[in-house]
Amino acid sequence: MTRRNKDLLHGTLDLLILKTLDLEPLHGWAISKRIRLLSEDVLKVGQGSLYPALHRLRDRGLITSKWEISEGDQRVRVYRLTRAGREVLSQEQDVFRLFVGAVERILETT
């Protein structure tokens with residue numbers, strides 16, 4: 001992933017995490033894996049970006065977390081979207097789509 005791609009990912013990471021957790025509660029590694037899978041290996045979120053973002057979202061009350069036991073009998077912190085997180089996700093998706101549409105219109109200009 002190029003530096004430019006990392007900068008773009010960083011700017012949308014909170015949105016990607018919220019959307020991923022809207023699908024189902026997951027632990028950190030699974031969030032990273034899901035983002036990578038759904039983006040067809042274009043977006044790769046490292047631990048150094050993921051965990052600070054998770055803490056930031058938790059501090060804002062957009063997600064919660066609690067320790068659980070995984071299928072492999074390992075203790076993992078599972079993150080869940082809150083009602084406030086769903087509201088912010090909806091708003092941020094609208095803003096992001098508006099932004100992408102504006103950029104796309106500019107790129108299509110001849």
# chains A, B, ... in the order shown; residues from 1 in each chain; ligands from 1
$ residues_around --residues "Ile63 (chain A)" --least-positions-apart "2" --cutoff "9 Å" --atoms "only C-alpha atoms" --output "list in words"
Leu18, Leu21, Leu54, His55, Leu57, Arg58, Asp59, Arg60, Gly61, Ser65, Tyr79, Arg80, Leu81, Thr82, Arg83, Ala84 and Gly85 of chain A
$ select_by_dssp --residues "region 2-110 of chain A" --states "strand (DSSP E)" --output "number ranges by chain"
A: 26-27, 63-69, 75-81
$ closest_residue --among "A:Gly11, A:Leu16, A:Lys44, A:Ala30" --to "Gln93 (chain A)" --atoms "only C-alpha atoms"
A:Leu16
$ select_by_dssp --residues "chain A" --states "alpha helix (DSSP H)" --output "VMD selection string"
chain A and resid 3 to 23 28 to 38 47 to 59 83 to 107
$ atom_distance --atom1 "CA of Val78 (chain A)" --atom2 "CA of His27 (chain A)"
4.2 Å
$ residues_around --residues "Ala53 (chain A)" --least-positions-apart "6" --cutoff "10 Å" --atoms "only C-alpha atoms" --output "PyMOL selection string"
chain A and resi 10+13-14+17+47+59
$ atom_distance --atom1 "CA of Gln91 (chain A)" --atom2 "CA of Trp67 (chain A)"
29.0 Å
$ residues_around --residues "Ser39 (chain A)" --least-positions-apart "6" --cutoff "12 Å" --atoms "only C-alpha atoms" --output "MDAnalysis selection string"
chainID A and resid 9 16 20 32:33 45
$ write_last_selection --atoms "C-alpha atoms" --output "CSV table (one decimal), in the first residue's frame"
chain,number,residue,atom,x,y,z
A,9,LEU,CA,-7.5,5.0,4.6
A,16,LEU,CA,-15.0,1.7,7.9
A,20,THR,CA,-17.9,-3.3,9.8
A,32,SER,CA,-9.0,-5.7,10.2
A,33,LYS,CA,-9.5,-9.0,8.3
A,45,VAL,CA,-5.5,-1.8,8.4
$ closest_residue --among "A:Ile106, A:Leu26, A:Leu15, A:Val88" --to "Lys66 (chain A)" --atoms "only C-alpha atoms"
A:Leu26
$ closest_residue --among "A:Gly28, A:Glu108, A:Thr64, A:Pro52" --to "Val76 (chain A)" --atoms "only C-alpha atoms"
A:Gly28
$ closest_residue --among "A:Arg77, A:Ile69, A:Thr12, A:Leu37" --to "Arg97 (chain A)" --atoms "only C-alpha atoms"
A:Thr12
